[in-house]
Each structure stands twice: as structure tokens, then as C-alpha cells.
Amino acid sequence: MNQTKDFKYVYGPVHSWRLGMSLGIDPISTEKKVCNFDCIYCQLGNTGILSNERKVFVATDAIIREIEMFPSKEIDYYTFSGRGEPTLAKNLGEMIASVKKVPDRKVAVITNSALICDASVRGELALADFVIAKLDACDKGSLIGISRPADGVDFDSVVEGLKELRKIFKGKLALQVMFIDKNKSLASEIAELAKQINPDEVQINTPLRPSGEKPLDETDIEGLKSQFIGLNIVSVYDAEKVEFSPICEKNTVLRHGKYKDA
Ligand code: SF4
């Protein structure tokens, strides 16, 4: 396999402020972005296929084969993310279990939480070591305004699903809040929900990579952090910046956004 061009499903590794060195795994890997959200700030552009239907996009064996062929590098997390929402892959649980057959491998999943109301999705996420779940809104209206979800995504069920995941999940649960102008006034309501969900960590983020929305500045983010007092908070501006060299830059930009401009 050509090390620079031929990986179709894995990308990076990238250095993530939340995960350290992360090998990205894209269980959707379609040309158009497939997601159950179309967030106004998405760093991957508009959602090509807005769908809330789970299906198998890539066979588990094909993903595992690529992971095993990836040039050995120091990896902190094998991270399911990519160009779309990873929980839309119906074989996500099978893929996580397969990756973890190798001792000492740690798996992370970055999810938008839209399908977390589904007990089978929660069961699959619970196989991971680290789940980073999005919470950018505080009610149905703000979810529609920021995330423009597919039909069938219900805000209250998302929050209940996060609370249920917390009950069964033995790994690390983080809530990620992406703050932009449109939701910064909702910080105290989002913080209240976060307290009810009781994550191990709250990640305060703002889109530093190129997107349709301007990032908030450090002063704004510092002010928002004060709303989350009592929770374990990390923020994108507090993170150490680390240079990294992905194996295939084009594949990585497609899934991760333009990291070099961040
Ligand atoms: S930010 Fe994530 S959840 Fe939102 S549209 Fe982009 S890929 Fe989907």
C-alpha cells in the first residue's frame, strides 16, 4: 500500500487538544458529508446528505485492514470521527470492539449526540474509552438554529440520552460545547444541563479552523468558562499547540478541516 495516497478510511494522525495524538477513523467515508446535523459553523462545509438513518457505510474488515497497515506511529487514541457523524454507522460497535482486540489500544468517539437517545447506540459508545459528545444548544429552538438537525432528532431525547449514557459508561465522558456568537448567550442554560448530565469534562470550544462562523476571542471564552464553575473545564485557548504531520494531508483536511490555518 502506498503510504501517502491509498488510505481511504483512516487519516492523520493529528494532534488534538483533547486527545493527544489521534489516528482518525472515518466509518462513513462517502464523498458527500453525511450527518444528522448541518451545523452553521461546520468546518467541513455544508452537509451533503442530511439523514438520521443508521446503516453500514464501510465494512468493518476494510477499516480494520487499513488500521493494521497504517505506518506505526505513537497513537494515544484511535478516534472515530471524520466526514460526518460516526454513530450513523450501524457497525460502529463492531468496529470499536475490533480495534480494541489489540491490548492497550484506546478508542475515542466524537459524536454530535443526535442518536444518543437510541439504547443500542449508547451500548456501542459504552465500548469506547472516551466519548466526546456535542451539546451546543439548550432547547429545541436553539438546536434548530445552530445544528439544523435532520427530521427525527429531538432535543429533550438527546439530553435524556446523555444522562442515560452517563449511567452505563465506565470510560471518560466529555461534553463539547462549540461557542459562537449565536449561542454564547445560552451559556448558563447549557451549563445547567451539563451539571445534570455530570460529565467528566466540559470542553469549551470555538471554531478556530476556517468555518462559516467567526470564532469567539479569548476574552469571550474566559467569560463563558465562568458559567461552568463546578465542572471540570478545558478550553481550546488553554491547549498547547503541537505541530503534526499526517500521513496523507488531503485525506486529513477532508475530515479534519484546514488544520494548518488554525
Ligand atoms: S460539526 Fe459535526 S455534527 Fe455538525 S454538521 Fe459538521 S460534522 Fe455534522
# chains A, B, ... in the order shown; residues from 1 in each chain; ligands from 1
>>> residues_near_ligand(ligand="ligand 1", cutoff="7 Å", atoms="only C-alpha atoms and all ligand atoms", output="ChimeraX atom specification")
/A:35-39,41-44,46-47,83-85,112,147
>>> select_by_dssp(residues="segment 87-251 of chain A", states="strand (DSSP E or B)", output="list in words")
Ala89, Val107, Ala108, Val109, Ile110, Thr111, Phe130, Val131, Ile132, Ala133, Lys134, Lys172, Leu173, Ala174, Leu175, Gln176, Val177, Met178, Glu201, Val202, Gln203, Ile204, Asn205, Ile233, Val234 and Ser235 of chain A
>>> write_last_selection(atoms="C-alpha atoms", output="PDB file, in the first residue's frame")
ATOM      1  CA  ALA A  89     -22.517   3.763  11.015  1.00  0.00           C
ATOM      2  CA  VAL A 107     -10.710   4.250  21.431  1.00  0.00           C
ATOM      3  CA  ALA A 108     -12.437   7.639  21.356  1.00  0.00           C
ATOM      4  CA  VAL A 109     -15.651   8.591  19.582  1.00  0.00           C
ATOM      5  CA  ILE A 110     -16.553  12.179  18.740  1.00  0.00           C
ATOM      6  CA  THR A 111     -20.315  12.368  18.325  1.00  0.00           C
ATOM      7  CA  PHE A 130     -13.547   8.197  25.724  1.00  0.00           C
ATOM      8  CA  VAL A 131     -16.743   9.699  24.309  1.00  0.00           C
ATOM      9  CA  ILE A 132     -16.814  13.363  23.339  1.00  0.00           C
ATOM     10  CA  ALA A 133     -20.453  14.375  22.895  1.00  0.00           C
ATOM     11  CA  LYS A 134     -21.691  17.665  21.494  1.00  0.00           C
ATOM     12  CA  LYS A 172     -14.410   9.186  30.213  1.00  0.00           C
ATOM     13  CA  LEU A 173     -17.358  11.263  29.077  1.00  0.00           C
ATOM     14  CA  ALA A 174     -16.771  14.799  27.837  1.00  0.00           C
ATOM     15  CA  LEU A 175     -19.345  17.293  26.666  1.00  0.00           C
ATOM     16  CA  GLN A 176     -18.094  19.548  23.922  1.00  0.00           C
ATOM     17  CA  VAL A 177     -19.739  22.939  23.578  1.00  0.00           C
ATOM     18  CA  MET A 178     -18.869  24.860  20.422  1.00  0.00           C
ATOM     19  CA  GLU A 201     -15.073  17.100  31.484  1.00  0.00           C
ATOM     20  CA  VAL A 202     -16.593  20.016  29.604  1.00  0.00           C
ATOM     21  CA  GLN A 203     -14.653  21.119  26.531  1.00  0.00           C
ATOM     22  CA  ILE A 204     -15.268  24.771  25.713  1.00  0.00           C
ATOM     23  CA  ASN A 205     -14.568  25.204  22.045  1.00  0.00           C
ATOM     24  CA  ILE A 233     -13.419  22.579  32.177  1.00  0.00           C
ATOM     25  CA  VAL A 234     -10.856  22.592  29.398  1.00  0.00           C
ATOM     26  CA  SER A 235     -10.823  25.181  26.645  1.00  0.00           C
TER      27      SER A 235
END
>>> closest_residue(among="A:Glu218, A:Glu192, A:Asp104, A:Glu53", to="Thr206 of chain A", atoms="only C-alpha atoms")
A:Glu218
>>> atom_distance(atom1="atom CA of Ser245 of chain A", atom2="atom CA of Glu68 of chain A")
19.2 Å
>>> atom_distance(atom1="atom CA of Val34 of chain A", atom2="atom CA of Phe7 of chain A")
19.4 Å
>>> residues_around(residues="segment 9-11 of chain A", least_positions_apart="3", cutoff="9 Å", atoms="only C-alpha atoms", output="JSON, numbers by chain")
{"A": [14, 23, 24, 25, 26, 27, 28, 29, 58, 62, 63, 66, 67, 70, 82, 246, 247, 248, 249, 251, 252, 253, 255, 256]}
>>> write_last_selection(atoms="N, CA, C and O atoms", output="CSV table (one decimal), in the first residue's frame")
chain,number,residue,atom,x,y,z
A,14,VAL,N,-3.5,13.2,13.8
A,14,VAL,CA,-3.5,14.6,14.1
A,14,VAL,C,-3.2,14.8,15.6
A,14,VAL,O,-3.5,13.9,16.4
A,23,LEU,N,-5.3,8.9,15.8
A,23,LEU,CA,-5.5,8.4,14.5
A,23,LEU,C,-7.0,8.4,14.2
A,23,LEU,O,-7.8,7.8,14.8
A,24,GLY,N,-7.3,9.2,13.1
A,24,GLY,CA,-8.7,9.3,12.8
A,24,GLY,C,-9.2,8.1,12.0
A,24,GLY,O,-8.5,7.6,11.1
A,25,ILE,N,-10.4,7.7,12.3
A,25,ILE,CA,-11.1,6.6,11.6
A,25,ILE,C,-12.4,7.1,11.1
A,25,ILE,O,-13.2,7.6,12.0
A,26,ASP,N,-12.7,7.1,9.8
A,26,ASP,CA,-14.0,7.6,9.3
A,26,ASP,C,-14.8,6.5,8.9
A,26,ASP,O,-14.6,5.9,7.8
A,27,PRO,N,-15.8,6.1,9.7
A,27,PRO,CA,-16.7,4.9,9.4
A,27,PRO,C,-17.7,5.2,8.3
A,27,PRO,O,-18.5,4.4,7.9
A,28,ILE,N,-17.8,6.5,7.8
A,28,ILE,CA,-18.7,6.9,6.8
A,28,ILE,C,-18.0,6.9,5.4
A,28,ILE,O,-18.4,6.2,4.5
A,29,SER,N,-17.0,7.8,5.4
A,29,SER,CA,-16.1,7.9,4.2
A,29,SER,C,-16.8,8.0,2.8
A,29,SER,O,-16.4,7.3,1.9
A,58,VAL,N,-19.1,1.3,5.5
A,58,VAL,CA,-17.9,0.7,5.2
A,58,VAL,C,-17.8,-0.6,6.0
A,58,VAL,O,-18.1,-0.6,7.2
A,62,ALA,N,-12.7,-3.9,6.3
A,62,ALA,CA,-12.0,-3.0,5.5
A,62,ALA,C,-11.3,-1.9,6.3
A,62,ALA,O,-10.2,-1.5,6.1
A,63,ILE,N,-12.0,-1.4,7.3
A,63,ILE,CA,-11.5,-0.4,8.3
A,63,ILE,C,-10.3,-1.0,9.1
A,63,ILE,O,-9.3,-0.4,9.2
A,66,GLU,N,-7.1,-1.4,7.1
A,66,GLU,CA,-6.3,-0.2,7.0
A,66,GLU,C,-5.6,0.2,8.3
A,66,GLU,O,-4.5,0.7,8.2
A,67,ILE,N,-6.3,0.0,9.4
A,67,ILE,CA,-5.6,0.4,10.7
A,67,ILE,C,-4.4,-0.5,10.8
A,67,ILE,O,-3.3,0.0,11.2
A,70,PHE,N,-1.5,0.8,8.7
A,70,PHE,CA,-1.0,2.2,8.9
A,70,PHE,C,0.4,2.2,9.5
A,70,PHE,O,0.7,1.4,10.4
A,82,GLY,N,-14.5,12.0,11.6
A,82,GLY,CA,-14.4,12.0,10.2
A,82,GLY,C,-15.4,12.9,9.5
A,82,GLY,O,-15.9,13.9,10.1
A,246,PRO,N,0.5,14.6,9.2
A,246,PRO,CA,-0.3,13.5,8.8
A,246,PRO,C,0.3,12.7,7.7
A,246,PRO,O,1.1,13.2,6.9
A,247,ILE,N,-0.1,11.4,7.6
A,247,ILE,CA,0.5,10.6,6.5
A,247,ILE,C,-0.1,11.1,5.2
A,247,ILE,O,0.6,11.2,4.2
A,248,CYS,N,-1.4,11.4,5.1
A,248,CYS,CA,-1.9,12.0,3.9
A,248,CYS,C,-2.7,13.3,4.2
A,248,CYS,O,-3.7,13.2,4.8
A,249,GLU,N,-2.1,14.4,3.7
A,249,GLU,CA,-2.6,15.7,4.1
A,249,GLU,C,-4.0,15.9,3.5
A,249,GLU,O,-4.9,16.3,4.1
A,251,ASN,N,-6.4,13.7,2.6
A,251,ASN,CA,-7.4,12.9,3.4
A,251,ASN,C,-7.7,13.5,4.7
A,251,ASN,O,-8.9,13.5,5.2
A,252,THR,N,-6.7,14.1,5.3
A,252,THR,CA,-6.8,14.6,6.7
A,252,THR,C,-7.6,15.9,6.6
A,252,THR,O,-8.5,16.2,7.4
A,253,VAL,N,-7.3,16.8,5.6
A,253,VAL,CA,-8.0,18.1,5.5
A,253,VAL,C,-9.5,17.8,5.2
A,253,VAL,O,-10.4,18.4,5.8
A,255,ARG,N,-11.4,15.4,6.3
A,255,ARG,CA,-12.1,15.0,7.5
A,255,ARG,C,-11.9,16.0,8.7
A,255,ARG,O,-12.8,16.1,9.5
A,256,HIS,N,-10.8,16.6,8.7
A,256,HIS,CA,-10.4,17.4,9.9
A,256,HIS,C,-10.6,18.9,9.7
A,256,HIS,O,-10.6,19.6,10.7
